[in-house]
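coords17.txt (compact mmCIF, C-alpha atoms and all ligand atoms)
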# COMPACT_ATOMS: atom_id res chain seq x y z
CA MET A 19 156.01 -60.32 63.02
CA SER A 20 153.92 -63.47 62.98
CA GLU A 21 154.30 -66.20 60.42
CA PHE A 22 151.42 -67.13 58.16
CA ASN A 23 151.03 -70.85 57.66
CA LEU A 24 148.42 -71.75 55.05
CA ASN A 25 148.02 -75.26 56.37
CA ASN A 26 146.97 -73.90 59.79
CA SER A 27 144.36 -71.74 58.11
CA ILE A 28 142.52 -74.42 56.15
CA ARG A 29 139.57 -76.16 57.80
CA GLU A 30 140.34 -79.78 58.71
CA ASN A 31 137.51 -81.23 56.60
CA ILE A 32 138.69 -79.28 53.57
CA LYS A 33 142.29 -80.47 53.81
CA GLY A 34 141.48 -84.05 52.91
CA LEU A 35 138.67 -83.26 50.50
CA GLN A 36 138.46 -85.04 47.16
CA PRO A 37 136.83 -82.49 44.84
CA TYR A 38 134.03 -83.57 42.52
CA SER A 39 135.63 -84.59 39.28
CA SER A 40 133.54 -83.46 36.34
CA ALA A 41 133.62 -84.88 32.83
CA ARG A 42 135.36 -81.72 31.67
CA ASP A 43 138.02 -82.12 34.36
CA GLU A 44 138.78 -85.71 33.43
CA TYR A 45 139.13 -85.13 29.71
CA VAL A 46 140.51 -81.74 28.79
CA SER A 47 140.21 -81.02 25.08
CA ASP A 48 143.51 -80.32 23.33
CA GLY A 49 141.72 -79.04 20.24
CA THR A 50 141.68 -82.40 18.42
CA GLU A 51 138.29 -83.31 16.93
CA MET A 52 136.74 -85.71 19.43
CA VAL A 53 133.29 -87.21 19.89
CA PHE A 54 132.09 -86.15 23.35
CA LEU A 55 129.91 -88.86 24.86
CA ASP A 56 131.08 -88.45 28.43
CA ALA A 57 128.80 -85.88 30.10
CA ASN A 58 125.24 -86.96 29.23
CA GLU A 59 124.66 -83.70 27.37
CA ASN A 60 122.13 -83.25 24.59
CA PRO A 61 124.22 -83.50 21.38
CA PHE A 62 122.18 -81.03 19.32
CA GLU A 63 124.11 -77.79 19.06
CA ASN A 64 122.44 -74.61 20.29
CA GLY A 65 125.47 -72.74 21.60
CA VAL A 66 125.03 -73.79 25.23
CA ASN A 67 124.23 -77.52 25.08
CA ARG A 68 127.73 -78.39 26.40
CA TYR A 69 128.96 -77.88 29.95
CA PRO A 70 131.23 -74.84 30.32
CA ASP A 71 134.96 -75.10 31.01
CA PRO A 72 135.16 -75.57 34.81
CA GLN A 73 138.54 -73.79 34.86
CA GLN A 74 137.55 -70.97 32.45
CA ARG A 75 140.92 -71.29 30.72
CA ASN A 76 140.34 -68.86 27.85
CA LEU A 77 139.06 -66.11 30.09
CA LYS A 78 141.77 -66.64 32.70
CA ALA A 79 144.49 -66.51 30.05
CA VAL A 80 143.39 -63.01 28.98
CA LEU A 81 142.86 -61.80 32.56
CA ALA A 82 146.26 -63.16 33.60
CA GLU A 83 147.93 -61.19 30.83
CA GLN A 84 145.99 -57.98 31.55
CA LYS A 85 146.44 -58.12 35.31
CA GLY A 86 150.07 -59.25 35.22
CA VAL A 87 149.61 -62.48 37.20
CA ASN A 88 149.71 -66.18 36.33
CA ALA A 89 146.51 -68.06 35.51
CA ASN A 90 147.10 -70.26 38.59
CA ASN A 91 146.86 -67.13 40.76
CA ILE A 92 143.25 -66.59 39.61
CA LEU A 93 139.94 -68.07 40.71
CA LEU A 94 136.71 -66.90 39.08
CA GLY A 95 133.33 -66.96 40.75
CA ASN A 96 129.64 -66.25 40.26
CA GLY A 97 130.23 -62.63 41.31
CA SER A 98 132.76 -61.69 43.97
CA ASP A 99 130.06 -62.59 46.47
CA GLU A 100 130.63 -66.26 45.62
CA VAL A 101 134.38 -65.78 45.92
CA LEU A 102 133.95 -64.27 49.40
CA ASP A 103 131.69 -67.16 50.41
CA LEU A 104 134.29 -69.69 49.22
CA ILE A 105 136.88 -67.96 51.42
CA PHE A 106 134.61 -68.43 54.46
CA ARG A 107 133.96 -72.06 53.61
CA ALA A 108 137.59 -72.95 53.03
CA PHE A 109 139.12 -71.26 56.06
CA CYS A 110 136.52 -70.59 58.78
CA GLU A 111 135.28 -73.39 61.01
CA PRO A 112 131.62 -72.68 61.87
CA LYS A 113 131.01 -71.80 65.53
CA VAL A 114 134.74 -71.87 66.24
CA ASP A 115 136.56 -69.38 64.06
CA ASN A 116 135.96 -65.68 63.61
CA ILE A 117 136.58 -63.00 61.01
CA ILE A 118 137.27 -59.30 61.42
CA SER A 119 135.25 -56.77 59.45
CA LEU A 120 135.64 -53.02 59.52
CA PRO A 121 132.40 -51.02 59.40
CA PRO A 122 131.20 -48.89 57.79
CA THR A 123 131.88 -51.22 54.88
CA TYR A 124 130.39 -53.60 52.35
CA GLY A 125 127.53 -55.54 53.95
CA MET A 126 128.29 -58.97 52.50
CA TYR A 127 131.13 -59.83 54.92
CA LYS A 128 128.65 -59.69 57.80
CA VAL A 129 125.90 -61.53 55.89
CA LEU A 130 128.31 -64.30 54.87
CA SER A 131 129.59 -64.64 58.44
CA GLY A 132 125.98 -65.13 59.52
CA ILE A 133 125.26 -67.71 56.82
CA ASN A 134 128.43 -69.61 57.63
CA ALA A 135 127.99 -69.41 61.43
CA VAL A 136 131.32 -67.67 61.79
CA GLU A 137 131.62 -64.92 64.39
CA ASN A 138 131.98 -61.45 62.88
CA ARG A 139 134.18 -59.22 65.04
CA GLU A 140 133.59 -55.64 64.05
CA VAL A 141 136.23 -52.98 64.56
CA LEU A 142 135.05 -49.55 63.46
CA LEU A 143 137.10 -47.51 61.05
CA THR A 144 138.51 -44.27 62.45
CA LYS A 145 136.71 -40.93 61.96
CA ASP A 146 138.47 -40.45 58.64
CA PHE A 147 137.50 -44.00 57.59
CA GLN A 148 140.98 -45.48 58.01
CA LEU A 149 142.04 -48.64 59.84
CA ASP A 150 142.29 -48.75 63.62
CA THR A 151 145.21 -51.15 63.37
CA LYS A 152 145.72 -51.41 67.15
CA GLY A 153 142.01 -52.09 67.68
CA ILE A 154 142.07 -54.70 64.95
CA LEU A 155 145.01 -56.60 66.43
CA ASN A 156 143.37 -56.37 69.87
CA ALA A 157 140.24 -58.01 68.46
CA VAL A 158 142.27 -60.85 66.93
CA ASP A 159 142.70 -64.17 68.74
CA GLY A 160 143.93 -67.63 67.78
CA ASN A 161 140.68 -68.34 65.91
CA SER A 162 140.72 -65.18 63.80
CA LYS A 163 141.08 -66.42 60.24
CA VAL A 164 140.39 -63.50 57.93
CA ILE A 165 140.41 -59.69 57.99
CA PHE A 166 138.23 -58.14 55.27
CA ILE A 167 139.43 -54.76 54.01
CA CYS A 168 137.50 -52.93 51.32
CA SER A 169 139.61 -50.42 49.37
CA PRO A 170 138.39 -48.14 47.92
CA ASN A 171 135.84 -48.66 50.67
CA ASN A 172 132.11 -48.93 50.08
CA PRO A 173 130.16 -46.80 51.14
CA THR A 174 132.77 -44.20 52.11
CA GLY A 175 134.72 -44.14 48.82
CA ASN A 176 138.20 -43.64 50.27
CA THR A 177 141.29 -45.74 49.74
CA ILE A 178 142.68 -47.45 52.83
CA ASN A 179 146.23 -46.32 53.69
CA GLU A 180 148.88 -48.61 52.27
CA SER A 181 151.03 -48.49 55.41
CA ASP A 182 148.16 -49.71 57.62
CA ILE A 183 147.39 -52.62 55.30
CA LEU A 184 151.08 -53.50 55.20
CA TYR A 185 151.13 -53.48 59.00
CA LEU A 186 148.28 -56.01 59.12
CA LEU A 187 149.77 -58.19 56.39
CA ASN A 188 152.97 -58.37 58.43
CA ASN A 189 151.48 -58.71 61.90
CA PHE A 190 148.35 -60.82 61.44
CA ASP A 191 148.99 -64.53 60.92
CA GLY A 192 145.68 -65.14 59.14
CA LEU A 193 144.43 -64.09 55.71
CA VAL A 194 143.98 -60.48 54.65
CA VAL A 195 141.34 -60.04 51.94
CA ILE A 196 141.43 -56.74 50.06
CA ASP A 197 138.17 -56.18 48.20
CA GLU A 198 139.05 -54.00 45.21
CA ALA A 199 135.61 -53.85 43.59
CA TYR A 200 136.21 -50.15 42.76
CA ILE A 201 139.93 -50.24 41.91
CA ASP A 202 139.34 -49.55 38.20
CA PHE A 203 138.07 -46.06 39.07
CA SER A 204 141.07 -45.26 41.25
CA ASP A 205 144.46 -43.84 40.32
CA LYS A 206 146.02 -45.65 43.27
CA ASP A 207 147.88 -48.93 42.82
CA SER A 208 146.13 -52.26 43.12
CA TRP A 209 147.53 -54.73 45.66
CA LEU A 210 147.76 -57.28 42.84
CA LYS A 211 151.32 -56.18 42.16
CA ARG A 212 152.30 -57.31 45.65
CA LEU A 213 150.75 -60.79 45.67
CA ASP A 214 154.18 -62.43 45.46
CA GLY A 215 155.35 -60.70 48.62
CA PHE A 216 152.50 -61.82 50.87
CA PRO A 217 151.41 -65.47 51.18
CA ASN A 218 148.42 -64.33 53.29
CA LEU A 219 147.07 -61.79 50.78
CA ILE A 220 143.88 -62.34 48.77
CA VAL A 221 142.71 -59.62 46.37
CA THR A 222 139.16 -59.68 44.99
CA GLN A 223 137.87 -57.67 42.04
CA THR A 224 134.71 -57.84 39.93
CA LEU A 225 133.35 -57.18 36.46
CA SER A 226 130.19 -55.75 38.08
CA LYS A 227 131.28 -52.12 38.39
CA ALA A 228 133.75 -50.50 35.96
CA TYR A 229 133.44 -53.29 33.38
CA GLY A 230 129.68 -52.81 33.19
CA LEU A 231 128.79 -56.48 33.58
CA ALA A 232 126.86 -56.70 36.86
CA GLY A 233 124.22 -58.79 35.11
CA ILE A 234 126.49 -61.68 34.11
CA ARG A 235 127.97 -62.21 37.62
CA LEU A 236 131.73 -62.57 37.37
CA GLY A 237 134.00 -62.11 40.36
CA LEU A 238 137.79 -62.32 40.35
CA CYS A 239 139.97 -63.67 43.12
CA PHE A 240 143.77 -63.38 43.10
CA ALA A 241 146.10 -65.10 45.55
CA SER A 242 149.05 -67.48 45.82
CA SER A 243 148.66 -70.62 43.71
CA GLN A 244 148.36 -72.58 46.99
CA ILE A 245 145.38 -70.55 48.19
CA ILE A 246 143.77 -70.72 44.73
CA ALA A 247 144.23 -74.51 44.73
CA VAL A 248 142.34 -74.77 48.04
CA LEU A 249 139.47 -72.63 46.74
CA ASN A 250 139.39 -74.68 43.54
CA THR A 251 138.78 -77.89 45.49
CA ILE A 252 135.59 -76.51 47.02
CA LYS A 253 134.08 -74.39 44.26
CA PRO A 254 131.06 -75.82 42.42
CA PRO A 255 132.51 -77.36 39.23
CA TYR A 256 130.54 -75.22 36.78
CA ASN A 257 130.18 -72.06 38.87
CA VAL A 258 130.83 -69.72 35.92
CA ASN A 259 128.36 -70.47 33.15
CA GLU A 260 129.10 -70.52 29.43
CA LEU A 261 127.23 -67.29 28.60
CA THR A 262 129.12 -65.44 31.32
CA GLN A 263 132.49 -66.79 30.18
CA LYS A 264 131.81 -65.78 26.57
CA ARG A 265 130.45 -62.32 27.38
CA ALA A 266 133.21 -61.61 29.89
CA LEU A 267 135.89 -62.61 27.39
CA GLU A 268 134.36 -60.34 24.74
CA GLN A 269 134.25 -57.41 27.12
CA VAL A 270 137.70 -57.72 28.70
CA LEU A 271 139.19 -57.77 25.20
CA LYS A 272 137.57 -54.39 24.51
CA THR A 273 140.03 -52.52 26.72
CA GLY A 274 139.19 -49.24 24.97
CA VAL A 275 135.59 -49.43 26.16
CA LEU A 276 136.63 -49.84 29.80
CA GLN A 277 139.00 -46.87 29.57
CA MET A 278 136.50 -44.70 27.78
CA GLU A 279 133.61 -45.43 30.14
CA VAL A 280 135.70 -45.08 33.29
CA GLY A 281 137.11 -41.83 31.88
CA GLN A 282 133.63 -40.46 31.27
CA ILE A 283 132.40 -41.51 34.71
CA LEU A 284 135.36 -39.73 36.31
CA VAL A 285 134.68 -36.56 34.30
CA GLU A 286 131.04 -36.70 35.40
CA LYS A 287 132.14 -37.25 38.98
CA GLU A 288 134.14 -34.00 38.90
CA CYS A 289 131.13 -32.11 37.48
CA LEU A 290 128.87 -33.48 40.19
CA LEU A 291 131.42 -32.68 42.93
CA LYS A 292 131.51 -29.01 41.88
CA VAL A 293 127.73 -28.76 42.21
CA LEU A 294 127.60 -30.62 45.53
CA HIS A 295 129.82 -27.95 47.06
CA GLU A 296 127.12 -25.38 46.31
CA VAL A 297 124.23 -27.26 47.92
CA SER A 298 123.51 -25.65 51.27
CA TYR A 299 122.23 -28.72 53.14
CA ILE A 300 125.24 -30.86 52.15
CA LYS A 301 127.54 -30.59 55.17
CA THR A 302 130.39 -32.88 54.15
CA ILE A 303 131.57 -34.37 50.89
CA TYR A 304 133.83 -37.33 51.58
CA PRO A 305 136.86 -37.95 49.32
CA SER A 306 136.22 -40.77 46.87
CA ASP A 307 138.40 -42.95 44.64
CA ALA A 308 135.33 -44.84 43.43
CA ASN A 309 132.34 -44.27 41.12
CA PHE A 310 130.21 -42.90 43.92
CA ILE A 311 130.29 -40.05 46.40
CA LEU A 312 129.22 -40.17 50.04
CA VAL A 313 127.84 -36.93 51.42
CA GLU A 314 126.59 -35.86 54.82
CA VAL A 315 123.35 -33.88 54.67
CA ASP A 316 121.17 -32.14 57.26
CA ASP A 317 118.58 -34.94 57.37
CA ALA A 318 119.26 -38.03 55.27
CA ASN A 319 115.82 -39.61 55.62
CA LYS A 320 114.09 -36.40 54.58
CA ARG A 321 116.42 -35.73 51.65
CA TYR A 322 116.26 -39.36 50.51
CA ASN A 323 112.46 -39.25 50.32
CA GLN A 324 112.47 -35.87 48.60
CA LEU A 325 114.83 -37.22 45.94
CA LEU A 326 112.62 -40.29 45.50
CA LYS A 327 109.64 -38.02 44.81
CA LYS A 328 111.74 -36.34 42.12
CA GLY A 329 112.39 -39.75 40.56
CA VAL A 330 115.98 -40.19 41.73
CA VAL A 331 116.97 -43.23 43.81
CA VAL A 332 120.14 -42.81 45.86
CA ARG A 333 121.40 -44.94 48.75
CA ASN A 334 120.57 -43.83 52.26
CA ARG A 335 123.45 -44.92 54.51
CA THR A 336 122.33 -43.12 57.64
CA THR A 337 121.98 -46.29 59.72
CA GLN A 338 125.59 -47.34 59.11
CA PRO A 339 128.07 -46.66 61.89
CA LEU A 340 129.92 -43.33 61.46
CA CYS A 341 127.55 -42.54 58.58
CA ALA A 342 124.70 -40.68 60.30
CA ASN A 343 122.82 -38.53 57.78
CA THR A 344 124.80 -39.72 54.79
CA LEU A 345 123.62 -40.43 51.27
CA ARG A 346 125.62 -42.26 48.62
CA PHE A 347 125.34 -41.07 45.02
CA THR A 348 126.45 -43.42 42.23
CA ILE A 349 127.84 -41.53 39.23
CA GLY A 350 125.50 -42.07 36.28
CA THR A 351 125.45 -40.76 32.73
CA LYS A 352 125.55 -37.01 32.11
CA ILE A 353 121.77 -36.95 31.74
CA GLU A 354 121.21 -38.98 34.91
CA ASN A 355 123.56 -36.77 36.90
CA GLU A 356 121.80 -33.67 35.61
CA LYS A 357 118.53 -35.11 36.92
CA LEU A 358 120.18 -35.64 40.31
CA ILE A 359 121.58 -32.09 40.26
CA THR A 360 118.22 -30.57 39.32
CA ALA A 361 116.48 -32.55 42.06
CA LEU A 362 119.12 -31.60 44.66
CA LYS A 363 118.59 -27.91 43.84
CA GLU A 364 114.79 -28.14 43.77
CA ILE A 365 114.58 -29.64 47.25
CA ALA A 366 116.89 -27.02 48.79
C1 LIG B 1 129.59 -54.13 44.32
C2 LIG B 1 130.60 -54.74 45.22
C3 LIG B 1 131.05 -56.03 44.99
C4 LIG B 1 130.56 -56.76 43.79
O1 LIG B 1 130.10 -57.98 44.02
P1 LIG B 1 129.72 -58.91 42.78
O2 LIG B 1 129.18 -60.10 43.47
O3 LIG B 1 131.00 -59.18 42.04
O4 LIG B 1 128.74 -58.18 41.93
C5 LIG B 1 132.03 -56.56 45.82
N1 LIG B 1 132.54 -55.83 46.84
C6 LIG B 1 132.14 -54.57 47.06
C7 LIG B 1 132.75 -53.80 48.14
C8 LIG B 1 131.14 -54.01 46.27
O5 LIG B 1 130.73 -52.75 46.53
Please render this file's structure as structure tokens.
Amino acid sequence: MSEFNLNNSIRENIKGLQPYSSARDEYVSDGTEMVFLDANENPFENGVNRYPDPQQRNLKAVLAEQKGVNANNILLGNGSDEVLDLIFRAFCEPKVDNIISLPPTYGMYKVLSGINAVENREVLLTKDFQLDTKGILNAVDGNSKVIFICSPNNPTGNTINESDILYLLNNFDGLVVIDEAYIDFSDKDSWLKRLDGFPNLIVTQTLSKAYGLAGIRLGLCFASSQIIAVLNTIKPPYNVNELTQKRALEQVLKTGVLQMEVGQILVEKECLLKVLHEVSYIKTIYPSDANFILVEVDDANKRYNQLLKKGVVVRNRTTQPLCANTLRFTIGTKIENEKLITALKEIA
């Protein structure tokens, strides 16, 4: 077992950083009527003439309660893509450090490593899209700062085995990020419950998928209060705008809507799965705990274009490693799925 030491993980220039102190950081309203002449805002009320709360306190309070963590274990970002970028910028020294990513997986880890000039060491998943834990630890060296694990994984849909993630958490002395963008569709446990046990664990989630709020950009990051404090020092002060905070708060309070919509999507997913089994040119249907299904077809490029002509846009993943001739179908409404089903049958 190796020991994780947060201080060894933080970039030198970040350790001593004095964060920008905004007007809303220096005077935090306690609810008393005050005259705010500190931020050079336009005083005429229009709903958004004031800067938003840089710490999103109201939203975090509700999320903390719903997710069973403390508010100081949460950082919010402009989508989880911003959260992932902050992790690079806090912990990975450009041109020195490296990260480990596990294709086929979400493309942003690679893109962000490129943007941040941090080497991306790729270790392929196994044939059944699980972790090659030996291969991963072989790829690790003293400059490996983060392993990115996506579970349920995009584009494959499967959940990564708990025992393999545990093995990495215990044997890798850097950070392990578990991207749970699709966790709300899964009946498997979130890693959030285990934050306390692992000082090197970061869990990311998003309101872009199950919550139906891709357009407002809100990403969630959960970790020890020490890790969150580091990320807080480098985040742009007003990274989550007022409209997003308001809309997100409204939506997370409507817990019935989330349950109902996820429930319907899962019912639709079962209907679609039944039909997929009957389509002759679909060779493999991969198990999915997410709101999409990856299938292997006879010729992905051909089938993709045929579906396009029928007015249905799916994702062609054929160029991804281990994903030759695969298409990814997002679960839509009943009507949308029926259009997909009709098109799949017509092109047979
Ligand atoms: C869709 C998706 C996200 C969402 O990113 P946002 O920036 O929050 O919209 C994150 N991770 C994975 C794996 C995804 O598929």
May I ask which of the residues A:Lys264, A:Arg335, A:Arg235, A:Lys301 is the closest one to ligand LIG 1 (chain B), counting only C-alpha atoms and all ligand atoms?
-> A:Arg235
Can you check which parts of chain A lie within 7 Å of ligand LIG 1 (chain B)? Per residue, the shortest pair of atoms and distance in Å to one decimal, counting all atoms listed in the file, sorted by chain and number, as a tab-separated table.
residue	atom	partner	partner_atom	distance
A:Asn96	CA	B:LIG1	O2	7.0
A:Gly97	CA	B:LIG1	O2	3.5
A:Ser98	CA	B:LIG1	O3	3.6
A:Asp99	CA	B:LIG1	O2	4.0
A:Glu100	CA	B:LIG1	O2	6.7
A:Tyr124	CA	B:LIG1	C7	4.8
A:Cys168	CA	B:LIG1	C7	5.8
A:Asn171	CA	B:LIG1	C7	6.5
A:Asn172	CA	B:LIG1	C7	5.3
A:Asp197	CA	B:LIG1	N1	5.8
A:Glu198	CA	B:LIG1	C7	7.0
A:Ala199	CA	B:LIG1	N1	4.9
A:Thr224	CA	B:LIG1	O3	4.5
A:Leu225	CA	B:LIG1	O3	6.4
A:Ser226	CA	B:LIG1	O4	4.8
A:Lys227	CA	B:LIG1	C1	6.5
A:Ala232	CA	B:LIG1	O4	5.6
A:Arg235	CA	B:LIG1	O4	6.0
A:Leu236	CA	B:LIG1	O3	5.8
A:Gly237	CA	B:LIG1	O3	4.5
Do you have, as a tab-separated table, the list of residues of range 177-284 of chain A lying at most 9 Å from range 150-155 of chain A, each with its nearest atom pair and that distance in Å to one decimal, counting all atoms listed in the file and ordered by chain then number?
residue	atom	partner	partner_atom	distance
A:Asp182	CA	A:Thr151	CA	6.6
A:Ile183	CA	A:Thr151	CA	8.5
A:Tyr185	CA	A:Thr151	CA	7.7
A:Leu186	CA	A:Thr151	CA	7.1
A:Asn189	CA	A:Leu155	CA	8.2
A:Phe190	CA	A:Leu155	CA	7.3
Find the residues near Asn319 in chain A: any atom within 8 Å, counting all atoms listed in the file, skip ones fewer than 6 places away on the same chain, and give them as a compact mmCIF listing (two decimals) with C-alpha atoms, in the coordinates of the input.
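See part_13.txt below for the written result:
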# COMPACT_ATOMS: atom_id res chain seq x y z
CA ASN A 334 120.57 -43.83 52.26
CA THR A 336 122.33 -43.12 57.64
CA ASN A 343 122.82 -38.53 57.78
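As for CA of Leu94 in chain A and CA of Gly192 in chain A, they are spaced 22.0 Å apart.
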Which residue of A:Thr174, A:Asn67, A:Ser242, A:Thr262 approaches Ile303 in chain A most closely, using all atoms listed in the file = A:Thr174
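CA of Phe166 in chain A is positioned 12.8 Å from CA of Val129 in chain A.
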Considering only C-alpha atoms, give me a table of residues in range 81-194 of chain A that are at most 10 Å from range 245-252 of chain A, with the closest atom pair and distance in Å for each, as JSON lines.
{"residue": "A:Ala89", "atom": "CA", "partner": "A:Ile246", "partner_atom": "CA", "distance": 10.0}
{"residue": "A:Asn90", "atom": "CA", "partner": "A:Ile246", "partner_atom": "CA", "distance": 7.0}
{"residue": "A:Asn91", "atom": "CA", "partner": "A:Ile246", "partner_atom": "CA", "distance": 6.2}
{"residue": "A:Ile92", "atom": "CA", "partner": "A:Ile246", "partner_atom": "CA", "distance": 6.6}
{"residue": "A:Leu93", "atom": "CA", "partner": "A:Ile246", "partner_atom": "CA", "distance": 6.2}
{"residue": "A:Leu94", "atom": "CA", "partner": "A:Asn250", "partner_atom": "CA", "distance": 9.4}
{"residue": "A:Val101", "atom": "CA", "partner": "A:Leu249", "partner_atom": "CA", "distance": 8.6}
{"residue": "A:Leu104", "atom": "CA", "partner": "A:Leu249", "partner_atom": "CA", "distance": 6.5}
{"residue": "A:Ile105", "atom": "CA", "partner": "A:Leu249", "partner_atom": "CA", "distance": 7.1}
{"residue": "A:Arg107", "atom": "CA", "partner": "A:Ile252", "partner_atom": "CA", "distance": 8.1}
{"residue": "A:Ala108", "atom": "CA", "partner": "A:Leu249", "partner_atom": "CA", "distance": 6.6}
{"residue": "A:Phe109", "atom": "CA", "partner": "A:Val248", "partner_atom": "CA", "distance": 9.3}
{"residue": "A:Leu193", "atom": "CA", "partner": "A:Ile245", "partner_atom": "CA", "distance": 10.0}
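Nearest to Thr344 in chain A of all the residues A:Val315, A:Val332, A:Leu261, A:Ala361 is A:Val315, based on all atoms listed in the file.
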Taking into account all atoms listed in the file, which residue in the set A:Glu51, A:Gln148, A:Gly34, A:Asn259 is nearest to Asp71 in chain A?
-> A:Asn259
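One distance worth recording is that between CA of Ile311 in chain A and CA of Leu358 in chain A, which is 12.6 Å.
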Taking all atoms of range 230-236 of chain A that the file lists and extending 4 Å past them on each side, where is the centre of the axis-aligned box and how long are its edges? Answer in Å to one decimal, as AutoDock Vina command-line options.
--center_x 128.0 --center_y -57.7 --center_z 35.4 --size_x 15.5 --size_y 17.8 --size_z 12.4
Given all atoms listed in the file as the counted atoms, nearest of A:Lys328, A:Arg333, A:Lys85, A:Arg346 to Leu238 in chain A | A:Lys85
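The shell of residues at most 9 Å from Lys211 in chain A, with only C-alpha atoms counted and near chain neighbours (fewer than 3 positions) removed, consists of Lys85, Gly86, Val87, Asp207, Ser208, Asp214 and Gly215 of chain A.
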Residue among A:Gln338, A:Pro37, A:Leu184, A:Arg139 lying closest to Gly125 in chain A, counting all atoms listed in the file | A:Gln338
Contact check, range 212-254 of chain A to range 271-276 of chain A, at most 10 Å, counting all atoms listed in the file, closest pairs as CSV:
residue,atom,partner,partner_atom,distance
A:Ala228,CA,A:Leu276,CA,6.8
A:Tyr229,CA,A:Leu276,CA,5.9
A:Gly230,CA,A:Leu276,CA,8.3
Can you find the residues with an atom no farther than 9 Å from (141.1, -76.3, 55.3), counting all atoms listed in the file, and report them as a list in words?
-> Leu24, Asn25, Asn26, Ser27, Ile28, Arg29, Glu30, Asn31, Ile32, Lys33, Gly34, Leu35, Arg107, Ala108, Phe109, Cys110, Glu111 and Val248 of chain A
